[in-house]
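Reproduced below: final.txt, with compact mmCIF, N, CA and C atoms.
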# COMPACT_ATOMS: atom_id res chain seq x y z
N MET I 1 26.60 -14.66 25.16
CA MET I 1 26.03 -14.64 23.83
C MET I 1 27.10 -15.13 22.86
N THR I 2 26.65 -15.88 21.92
CA THR I 2 27.60 -16.41 20.94
C THR I 2 28.01 -15.32 19.97
N GLU I 3 29.04 -15.63 19.20
CA GLU I 3 29.52 -14.65 18.22
C GLU I 3 28.45 -14.39 17.15
N PHE I 4 27.74 -15.46 16.75
CA PHE I 4 26.68 -15.29 15.77
C PHE I 4 25.55 -14.42 16.32
N GLY I 5 25.19 -14.63 17.58
CA GLY I 5 24.12 -13.85 18.21
C GLY I 5 24.50 -12.38 18.33
N ALA I 6 25.75 -12.11 18.69
CA ALA I 6 26.19 -10.73 18.80
C ALA I 6 26.21 -10.05 17.44
N THR I 7 26.65 -10.77 16.42
CA THR I 7 26.67 -10.21 15.07
C THR I 7 25.25 -9.94 14.57
N CYS I 8 24.35 -10.88 14.83
CA CYS I 8 22.95 -10.73 14.41
C CYS I 8 22.30 -9.54 15.11
N LEU I 9 22.59 -9.39 16.41
CA LEU I 9 22.05 -8.25 17.16
C LEU I 9 22.60 -6.92 16.63
N ALA I 10 23.87 -6.89 16.31
CA ALA I 10 24.48 -5.66 15.78
C ALA I 10 23.88 -5.29 14.43
N TRP I 11 23.71 -6.27 13.56
CA TRP I 11 23.12 -6.00 12.25
C TRP I 11 21.65 -5.56 12.39
N SER I 12 20.93 -6.21 13.29
CA SER I 12 19.51 -5.86 13.49
C SER I 12 19.38 -4.45 14.06
N ALA I 13 20.24 -4.11 15.00
CA ALA I 13 20.19 -2.76 15.58
C ALA I 13 20.53 -1.71 14.53
N THR I 14 21.53 -1.99 13.70
CA THR I 14 21.89 -1.04 12.64
C THR I 14 20.73 -0.86 11.66
N PHE I 15 20.12 -1.97 11.25
CA PHE I 15 18.97 -1.88 10.35
C PHE I 15 17.82 -1.12 11.02
N GLY I 16 17.59 -1.39 12.30
CA GLY I 16 16.52 -0.70 13.04
C GLY I 16 16.75 0.80 13.12
N TYR I 17 18.01 1.20 13.40
CA TYR I 17 18.33 2.63 13.45
C TYR I 17 18.04 3.30 12.11
N TRP I 18 18.50 2.68 11.02
CA TRP I 18 18.30 3.29 9.70
C TRP I 18 16.82 3.32 9.31
N ALA I 19 16.09 2.27 9.66
CA ALA I 19 14.65 2.25 9.35
C ALA I 19 13.92 3.35 10.13
N LEU I 20 14.28 3.53 11.39
CA LEU I 20 13.64 4.58 12.19
C LEU I 20 14.02 5.97 11.68
N ILE I 21 15.25 6.15 11.26
CA ILE I 21 15.66 7.45 10.72
C ILE I 21 14.91 7.75 9.42
N ALA I 22 14.75 6.73 8.57
CA ALA I 22 14.00 6.93 7.31
C ALA I 22 12.54 7.25 7.60
N ALA I 23 11.93 6.54 8.53
CA ALA I 23 10.52 6.81 8.88
C ALA I 23 10.37 8.19 9.49
N PHE I 24 11.34 8.60 10.31
CA PHE I 24 11.31 9.92 10.92
C PHE I 24 11.40 11.01 9.85
N ALA I 25 12.27 10.80 8.85
CA ALA I 25 12.41 11.78 7.77
C ALA I 25 11.12 11.88 6.96
N LEU I 26 10.50 10.74 6.67
CA LEU I 26 9.25 10.77 5.90
C LEU I 26 8.12 11.44 6.69
N SER I 27 8.07 11.19 7.99
CA SER I 27 7.02 11.85 8.78
C SER I 27 7.31 13.33 8.94
N LEU I 28 8.58 13.72 8.91
CA LEU I 28 8.92 15.14 8.95
C LEU I 28 8.44 15.84 7.67
N VAL I 29 8.55 15.14 6.55
CA VAL I 29 8.04 15.70 5.28
C VAL I 29 6.54 15.90 5.38
N ARG I 30 5.82 14.91 5.94
CA ARG I 30 4.37 15.03 6.08
C ARG I 30 4.01 16.15 7.06
N LEU I 31 4.82 16.34 8.09
CA LEU I 31 4.57 17.41 9.04
C LEU I 31 4.70 18.77 8.38
N VAL I 32 5.67 18.93 7.50
CA VAL I 32 5.89 20.22 6.84
C VAL I 32 4.87 20.45 5.74
N LYS I 33 4.61 19.44 4.91
CA LYS I 33 3.72 19.61 3.76
C LYS I 33 2.24 19.65 4.13
N GLY I 34 1.88 18.86 5.09
CA GLY I 34 0.49 18.91 5.53
C GLY I 34 -0.47 18.12 4.69
N PRO I 35 -1.39 18.40 4.05
CA PRO I 35 -2.15 19.55 3.62
C PRO I 35 -3.11 20.08 4.67
N THR I 36 -3.50 19.26 5.65
CA THR I 36 -4.45 19.74 6.65
C THR I 36 -3.83 19.64 8.04
N LEU I 37 -4.47 20.27 9.00
CA LEU I 37 -3.99 20.23 10.37
C LEU I 37 -4.04 18.82 10.98
N PRO I 38 -5.09 18.03 10.75
CA PRO I 38 -5.07 16.66 11.28
C PRO I 38 -3.93 15.82 10.71
N ASP I 39 -3.56 16.02 9.44
CA ASP I 39 -2.42 15.31 8.87
C ASP I 39 -1.14 15.67 9.61
N ARG I 40 -0.99 16.91 9.93
CA ARG I 40 0.21 17.35 10.65
C ARG I 40 0.24 16.79 12.07
N ILE I 41 -0.91 16.71 12.71
CA ILE I 41 -0.98 16.17 14.06
C ILE I 41 -0.64 14.68 14.06
N VAL I 42 -1.14 13.95 13.08
CA VAL I 42 -0.82 12.52 12.98
C VAL I 42 0.67 12.34 12.71
N ALA I 43 1.26 13.19 11.88
CA ALA I 43 2.70 13.10 11.61
C ALA I 43 3.50 13.39 12.88
N LEU I 44 3.07 14.36 13.66
CA LEU I 44 3.76 14.67 14.92
C LEU I 44 3.63 13.52 15.91
N ASP I 45 2.46 12.90 15.96
CA ASP I 45 2.27 11.75 16.83
C ASP I 45 3.15 10.59 16.38
N LEU I 46 3.25 10.37 15.08
CA LEU I 46 4.11 9.32 14.57
C LEU I 46 5.57 9.59 14.92
N MET I 47 5.97 10.85 14.87
CA MET I 47 7.35 11.18 15.22
C MET I 47 7.65 10.88 16.69
N THR I 48 6.69 11.11 17.57
CA THR I 48 6.91 10.78 18.98
C THR I 48 6.95 9.27 19.20
N VAL I 49 6.14 8.53 18.45
CA VAL I 49 6.19 7.07 18.54
C VAL I 49 7.54 6.56 18.03
N LEU I 50 8.04 7.16 16.95
CA LEU I 50 9.35 6.76 16.43
C LEU I 50 10.47 7.12 17.40
N ALA I 51 10.35 8.25 18.08
CA ALA I 51 11.36 8.61 19.08
C ALA I 51 11.32 7.63 20.25
N THR I 52 10.13 7.18 20.62
CA THR I 52 10.01 6.17 21.66
C THR I 52 10.65 4.85 21.22
N ALA I 53 10.38 4.45 19.98
CA ALA I 53 10.97 3.22 19.45
C ALA I 53 12.49 3.34 19.36
N PHE I 54 12.99 4.52 19.00
CA PHE I 54 14.43 4.74 18.93
C PHE I 54 15.05 4.60 20.32
N THR I 55 14.36 5.10 21.34
CA THR I 55 14.86 5.00 22.71
C THR I 55 14.87 3.55 23.18
N VAL I 56 13.85 2.78 22.83
CA VAL I 56 13.81 1.36 23.19
C VAL I 56 14.92 0.60 22.47
N LEU I 57 15.13 0.89 21.19
CA LEU I 57 16.19 0.24 20.44
C LEU I 57 17.56 0.59 21.03
N LEU I 58 17.73 1.80 21.45
CA LEU I 58 18.97 2.22 22.11
C LEU I 58 19.18 1.45 23.42
N ALA I 59 18.09 1.23 24.16
CA ALA I 59 18.18 0.47 25.41
C ALA I 59 18.57 -0.97 25.15
N ILE I 60 18.00 -1.56 24.11
CA ILE I 60 18.33 -2.95 23.77
C ILE I 60 19.77 -3.06 23.28
N ASP I 61 20.17 -2.13 22.44
CA ASP I 61 21.51 -2.17 21.85
C ASP I 61 22.60 -1.96 22.90
N ASN I 62 22.38 -1.06 23.84
CA ASN I 62 23.40 -0.77 24.86
C ASN I 62 23.24 -1.59 26.14
N GLY I 63 22.13 -2.27 26.28
CA GLY I 63 21.90 -3.05 27.49
C GLY I 63 21.60 -2.19 28.71
N GLU I 64 21.10 -1.00 28.52
CA GLU I 64 20.77 -0.08 29.61
C GLU I 64 19.26 -0.10 29.84
N GLY I 65 18.85 -0.49 31.02
CA GLY I 65 17.43 -0.55 31.34
C GLY I 65 16.82 0.80 31.65
N HIS I 66 17.66 1.79 31.92
CA HIS I 66 17.14 3.12 32.27
C HIS I 66 16.46 3.80 31.09
N PHE I 67 16.86 3.45 29.90
CA PHE I 67 16.24 4.06 28.72
C PHE I 67 14.80 3.61 28.53
N ILE I 68 14.46 2.44 29.05
CA ILE I 68 13.08 1.96 28.95
C ILE I 68 12.15 2.88 29.74
N ASP I 69 12.60 3.36 30.90
CA ASP I 69 11.80 4.30 31.68
C ASP I 69 11.59 5.60 30.92
N VAL I 70 12.61 6.05 30.25
CA VAL I 70 12.50 7.28 29.44
C VAL I 70 11.50 7.07 28.31
N ALA I 71 11.57 5.90 27.66
CA ALA I 71 10.64 5.61 26.56
C ALA I 71 9.21 5.54 27.05
N LEU I 72 9.01 4.96 28.22
CA LEU I 72 7.66 4.87 28.79
C LEU I 72 7.11 6.26 29.11
N ALA I 73 7.92 7.12 29.70
CA ALA I 73 7.49 8.48 30.01
C ALA I 73 7.19 9.26 28.72
N LEU I 74 8.03 9.09 27.71
CA LEU I 74 7.80 9.76 26.43
C LEU I 74 6.51 9.30 25.78
N GLY I 75 6.22 8.01 25.87
CA GLY I 75 4.97 7.49 25.32
C GLY I 75 3.74 8.05 26.02
N LEU I 76 3.81 8.18 27.34
CA LEU I 76 2.67 8.73 28.09
C LEU I 76 2.45 10.21 27.77
N VAL I 77 3.52 10.96 27.71
CA VAL I 77 3.39 12.39 27.37
C VAL I 77 2.89 12.54 25.93
N SER I 78 3.36 11.69 25.05
CA SER I 78 2.91 11.73 23.66
C SER I 78 1.42 11.46 23.55
N PHE I 79 0.93 10.50 24.32
CA PHE I 79 -0.50 10.20 24.30
C PHE I 79 -1.32 11.40 24.77
N LEU I 80 -0.90 12.03 25.84
CA LEU I 80 -1.63 13.19 26.35
C LEU I 80 -1.59 14.35 25.37
N ALA I 81 -0.45 14.54 24.70
CA ALA I 81 -0.36 15.61 23.70
C ALA I 81 -1.28 15.34 22.52
N THR I 82 -1.38 14.09 22.10
CA THR I 82 -2.26 13.74 20.99
C THR I 82 -3.71 13.98 21.35
N VAL I 83 -4.09 13.63 22.56
CA VAL I 83 -5.47 13.88 23.01
C VAL I 83 -5.74 15.38 23.05
N GLY I 84 -4.78 16.16 23.52
CA GLY I 84 -4.94 17.61 23.55
C GLY I 84 -5.08 18.21 22.17
N PHE I 85 -4.25 17.75 21.23
CA PHE I 85 -4.35 18.24 19.86
C PHE I 85 -5.68 17.85 19.22
N ALA I 86 -6.14 16.64 19.48
CA ALA I 86 -7.43 16.21 18.93
C ALA I 86 -8.57 17.06 19.48
N ARG I 87 -8.50 17.38 20.75
CA ARG I 87 -9.53 18.23 21.35
C ARG I 87 -9.49 19.63 20.73
N TYR I 88 -8.28 20.13 20.49
CA TYR I 88 -8.15 21.45 19.87
C TYR I 88 -8.75 21.45 18.47
N VAL I 89 -8.47 20.43 17.69
CA VAL I 89 -9.01 20.35 16.33
C VAL I 89 -10.52 20.24 16.37
N MET I 90 -11.05 19.46 17.33
CA MET I 90 -12.49 19.31 17.42
C MET I 90 -13.17 20.64 17.76
N THR I 91 -12.65 21.37 18.73
CA THR I 91 -13.27 22.64 19.10
C THR I 91 -13.05 23.69 18.02
N ARG I 92 -11.94 23.63 17.33
CA ARG I 92 -11.67 24.57 16.25
C ARG I 92 -12.66 24.38 15.11
N ASP I 93 -12.97 23.12 14.78
CA ASP I 93 -13.91 22.84 13.71
C ASP I 93 -15.32 23.28 14.08
N VAL I 94 -15.72 23.10 15.33
CA VAL I 94 -17.06 23.49 15.76
C VAL I 94 -17.20 25.01 15.75
N THR I 95 -16.19 25.73 16.24
CA THR I 95 -16.30 27.18 16.26
C THR I 95 -16.21 27.78 14.88
N SER I 96 -15.42 27.18 13.99
CA SER I 96 -15.38 27.72 12.62
C SER I 96 -16.69 27.43 11.89
N ALA I 97 -17.33 26.30 12.20
CA ALA I 97 -18.63 26.00 11.59
C ALA I 97 -19.71 26.92 12.16
N ALA I 98 -19.59 27.34 13.41
CA ALA I 98 -20.59 28.21 14.01
C ALA I 98 -20.50 29.63 13.45
N ASN I 99 -19.36 30.04 12.97
CA ASN I 99 -19.19 31.37 12.42
C ASN I 99 -19.63 31.49 10.96
N LEU I 100 -19.91 30.36 10.32
CA LEU I 100 -20.34 30.41 8.93
C LEU I 100 -21.82 30.77 8.84
N PRO I 101 -22.24 31.44 7.77
CA PRO I 101 -23.66 31.73 7.61
C PRO I 101 -24.44 30.45 7.33
N ALA I 102 -25.68 30.41 7.82
CA ALA I 102 -26.52 29.24 7.62
C ALA I 102 -27.21 29.34 6.28
N SER I 103 -26.61 28.78 5.27
CA SER I 103 -27.22 28.77 3.95
C SER I 103 -27.13 27.37 3.38
N PRO I 104 -28.09 26.97 2.56
CA PRO I 104 -28.06 25.63 1.99
C PRO I 104 -26.84 25.41 1.08
N SER I 105 -26.26 26.46 0.55
CA SER I 105 -25.13 26.30 -0.36
C SER I 105 -23.80 26.14 0.38
N SER I 106 -23.80 26.26 1.71
CA SER I 106 -22.54 26.16 2.45
C SER I 106 -22.04 24.73 2.53
N GLY I 107 -22.89 23.74 2.34
CA GLY I 107 -22.48 22.35 2.38
C GLY I 107 -22.40 21.77 3.78
N LEU I 108 -22.71 22.55 4.79
CA LEU I 108 -22.69 22.07 6.16
C LEU I 108 -24.09 21.62 6.56
N PRO I 109 -24.17 20.64 7.42
CA PRO I 109 -25.48 20.29 7.97
C PRO I 109 -26.05 21.46 8.75
N GLN I 110 -27.35 21.54 8.82
CA GLN I 110 -28.01 22.66 9.48
C GLN I 110 -27.64 22.74 10.96
N SER I 111 -27.39 21.57 11.59
CA SER I 111 -27.04 21.57 13.01
C SER I 111 -25.68 22.20 13.25
N LEU I 112 -24.74 22.06 12.29
CA LEU I 112 -23.44 22.69 12.44
C LEU I 112 -23.47 24.15 12.01
N ALA I 113 -24.31 24.46 11.05
CA ALA I 113 -24.36 25.84 10.56
C ALA I 113 -24.98 26.77 11.59
N GLN I 114 -25.92 26.27 12.39
CA GLN I 114 -26.55 27.08 13.43
C GLN I 114 -26.20 26.50 14.79
N ALA I 115 -25.03 26.80 15.26
CA ALA I 115 -24.58 26.29 16.56
C ALA I 115 -25.35 27.01 17.67
N PRO I 116 -25.71 26.30 18.71
CA PRO I 116 -26.43 26.95 19.81
C PRO I 116 -25.51 27.94 20.52
N SER I 117 -26.13 28.98 21.05
CA SER I 117 -25.35 29.98 21.76
C SER I 117 -24.91 29.41 23.10
N PRO I 118 -23.77 29.88 23.62
CA PRO I 118 -23.31 29.38 24.92
C PRO I 118 -24.29 29.74 26.03
N GLU I 119 -24.23 28.97 27.10
CA GLU I 119 -25.14 29.23 28.22
C GLU I 119 -24.87 30.60 28.82
N GLY I 120 -25.89 31.30 29.09
CA GLY I 120 -25.76 32.61 29.71
C GLY I 120 -25.38 33.70 28.73
N ALA I 121 -25.50 33.45 27.43
CA ALA I 121 -25.12 34.47 26.45
C ALA I 121 -26.11 35.62 26.43
N ASP I 122 -27.37 35.36 26.82
CA ASP I 122 -28.36 36.44 26.82
C ASP I 122 -28.23 37.33 28.06
N ALA I 123 -27.59 36.83 29.10
CA ALA I 123 -27.43 37.62 30.32
C ALA I 123 -26.20 38.51 30.19
N SER I 124 -26.21 39.59 30.94
CA SER I 124 -25.06 40.48 30.90
C SER I 124 -23.88 39.83 31.62
N PRO I 125 -22.65 40.20 31.28
CA PRO I 125 -21.51 39.56 31.91
C PRO I 125 -21.47 39.73 33.43
N SER I 126 -21.94 40.88 33.93
CA SER I 126 -21.88 41.09 35.38
C SER I 126 -22.93 40.25 36.10
N SER I 127 -24.10 40.02 35.50
CA SER I 127 -25.12 39.24 36.17
C SER I 127 -24.87 37.74 36.01
N ALA I 128 -24.06 37.34 35.02
CA ALA I 128 -23.78 35.92 34.82
C ALA I 128 -22.81 35.41 35.88
N ARG I 129 -21.98 36.28 36.41
CA ARG I 129 -21.03 35.89 37.44
C ARG I 129 -21.70 35.87 38.80
N GLU I 130 -21.35 34.84 39.58
CA GLU I 130 -21.92 34.79 40.93
C GLU I 130 -21.05 35.63 41.84
N LYS I 131 -21.70 36.37 42.70
CA LYS I 131 -20.97 37.19 43.64
C LYS I 131 -20.74 36.40 44.92
N PRO I 132 -19.58 36.56 45.54
CA PRO I 132 -19.33 35.80 46.78
C PRO I 132 -20.25 36.28 47.90
N ASP I 133 -20.54 35.36 48.82
CA ASP I 133 -21.43 35.65 49.94
C ASP I 133 -20.79 36.57 50.97
N ALA I 134 -19.49 36.51 51.10
CA ALA I 134 -18.80 37.27 52.15
C ALA I 134 -18.66 38.67 51.82

Show the structure stored in the file as structure tokens.
Amino acid sequence: MTEFGATCLAWSATFGYWALIAAFALSLVRLVKGPTLPDRIVALDLMTVLATAFTVLLAIDNGEGHFIDVALALGLVSFLATVGFARYVMTRDVTSAANLPASPSSGLPQSLAQAPSPEGADASPSSAREKPDA
């Protein structure tokens, strides 16, 4: 690599590190302030994406290919965590809507205000369970 290329790479890596640190700090502010749970989940997801980008930048800057594997694993775990958080928020919203009274002034659609009862709710707990044959 030429001297100009090495200097350009060093300046770009330094700028990349500072940009990622600034973005991480801003997403940390959003994680703390919120105002809602989905905002906090998006901020947490952004922080994991930034950590992955930081790991890739570290791999490029140091010339170590092993960090790319770490970044790939972090990205996959981050995706699964985001899906899990989204599922939690979805079920939390449905159960909180089911606990509200069904009134026209609640602002909820009638289908959310009157959630159907779970299967087997009318049966007793002992009869709902299947007994083993043995």

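Between atom CA of I:Ser78 and atom CA of I:Leu37 lies a distance of 17.2 Å.
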
query = Of the residues I:Thr52, I:Asp93, I:Thr2, I:Phe85, which is the one nearest to I:Leu72, using all atoms listed in the file?
reply = I:Thr52

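Minimum atom-to-atom distances from I:Ser27, I:Thr36, I:Thr91, I:Ser12 to I:Leu50 were compared using only C-alpha atoms, and the lowest value belongs to I:Ser27.
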
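Atom CA of I:Thr14 is found 9.3 Å from atom CA of I:Asp61.
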
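Across the structure, atom CA of I:Ala71 and atom CA of I:Phe54 are spaced 8.6 Å apart.
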
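Comparing the minimum interatomic distances between I:Leu44 and each of I:Thr82, I:Glu64, I:Ala22, I:Gly75, counting all atoms listed in the file, we find that I:Thr82 sits nearest.
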
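Minimum atom-to-atom distances from I:Pro38, I:Ala25, I:Leu20, I:Thr7 to I:Val89 were compared using all atoms listed in the file, and the lowest value belongs to I:Pro38.
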
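When only C-alpha atoms are used to compute distances to I:Val83, the closest of the residues I:Cys8, I:Val42, I:Ala13, I:Met47 turns out to be I:Val42.
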
query = Taking into account all atoms listed in the file, which residue in the set I:Met90, I:Leu46, I:Trp11, I:Ala53 is nearest to I:Leu28?
reply = I:Leu46
